[in-house]
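Take a look at the structure below.
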Amino acid sequence: MKLANKLNNADGLEDYEGSEDDKKLGIYLQVNTSGEESKSGLAPGSELVDLAKDIAANCPRLSINGLMTIGAPGDLSCFDALVKCREEVAEALGVETDSLDLSMGMSG
């Protein structure tokens, strides 16, 4: 939540001319779907959902645009887990599931 607060309080967004939604910084929450210690991110479940709710309630300048993960090599279940996480976060935030994007893997 410390990083979310820093981003929420960053200078510059209030100077942008546009709608209130345009003034929000879009973010993706990183989920460690593989459970690997070498990967960063929130644990699926309550840790992720609680942070999403906290950001939605306390960081009006941030917009949760989706979730991201880097799954374990060859383990497609990591991506299934991210889909489930999206469903849980969408329900907790009261938004449509499809309104949250998913980013899975690395670009190369």
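Ordered as shown in the structure tokens, chains take letters A, B, and onward, while each chain numbers its residues from 1 and ligands are numbered from 1 in the order shown.
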Could you tell me, as a list of chain:residue names, which residues of range 22-91 of chain A DSSP assigns to alpha helix (DSSP H) when given the backbone?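 Alpha helix (DSSP H) assignments inside range 22-91 of chain A correspond to A:Ser46, A:Glu47, A:Leu48, A:Val49, A:Asp50, A:Leu51, A:Ala52, A:Lys53, A:Asp54, A:Ile55, A:Ala56, A:Ala57, A:Asn58, A:Ser77, A:Cys78, A:Phe79, A:Asp80, A:Ala81, A:Leu82, A:Val83, A:Lys84, A:Cys85, A:Arg86, A:Glu87, A:Glu88, A:Val89, A:Ala90, A:Glu91.
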How would the residues just chosen look if you wrote them out with C-alpha atoms as a PDB file, in the first residue's frame?
ATOM      1  CA  SER A  46      -7.269 -12.362   0.387  1.00  0.00           C
ATOM      2  CA  GLU A  47      -3.906 -10.549   0.096  1.00  0.00           C
ATOM      3  CA  LEU A  48      -4.724  -9.492  -3.463  1.00  0.00           C
ATOM      4  CA  VAL A  49      -8.407  -8.751  -2.846  1.00  0.00           C
ATOM      5  CA  ASP A  50      -7.700  -6.742   0.309  1.00  0.00           C
ATOM      6  CA  LEU A  51      -5.114  -4.574  -1.442  1.00  0.00           C
ATOM      7  CA  ALA A  52      -7.420  -3.992  -4.410  1.00  0.00           C
ATOM      8  CA  LYS A  53     -10.221  -2.882  -2.077  1.00  0.00           C
ATOM      9  CA  ASP A  54      -7.826  -0.667  -0.110  1.00  0.00           C
ATOM     10  CA  ILE A  55      -6.562   1.042  -3.269  1.00  0.00           C
ATOM     11  CA  ALA A  56     -10.094   1.518  -4.620  1.00  0.00           C
ATOM     12  CA  ALA A  57     -11.231   3.063  -1.322  1.00  0.00           C
ATOM     13  CA  ASN A  58      -8.197   5.197  -0.476  1.00  0.00           C
ATOM     14  CA  SER A  77      -2.236 -23.337 -14.517  1.00  0.00           C
ATOM     15  CA  CYS A  78      -0.658 -20.015 -13.495  1.00  0.00           C
ATOM     16  CA  PHE A  79      -2.746 -18.312 -16.132  1.00  0.00           C
ATOM     17  CA  ASP A  80      -5.911 -20.102 -15.007  1.00  0.00           C
ATOM     18  CA  ALA A  81      -5.141 -18.863 -11.481  1.00  0.00           C
ATOM     19  CA  LEU A  82      -4.909 -15.274 -12.761  1.00  0.00           C
ATOM     20  CA  VAL A  83      -8.324 -15.582 -14.406  1.00  0.00           C
ATOM     21  CA  LYS A  84      -9.749 -16.711 -11.055  1.00  0.00           C
ATOM     22  CA  CYS A  85      -8.011 -13.786  -9.310  1.00  0.00           C
ATOM     23  CA  ARG A  86      -9.629 -11.379 -11.770  1.00  0.00           C
ATOM     24  CA  GLU A  87     -13.055 -12.804 -10.952  1.00  0.00           C
ATOM     25  CA  GLU A  88     -12.436 -12.375  -7.211  1.00  0.00           C
ATOM     26  CA  VAL A  89     -11.135  -8.803  -7.545  1.00  0.00           C
ATOM     27  CA  ALA A  90     -13.979  -7.797  -9.877  1.00  0.00           C
ATOM     28  CA  GLU A  91     -16.549  -9.137  -7.421  1.00  0.00           C
TER      29      GLU A  91
END
Could you pull the residues within 12 Å of Gly105 in chain A, counting only C-alpha atoms, minus those fewer than 6 positions along the same chain, as a ChimeraX atom specification? /A:30-34,39,67-76,78-79,82
As a ChimeraX atom specification, which residues of range 50-106 of chain A does DSSP assign to strand (DSSP E)? /A:62-69,101-104
To one decimal in Å, tell me the separation between CA of Gly26 in chain A and CA of Asn65 in chain A. 5.6 Å
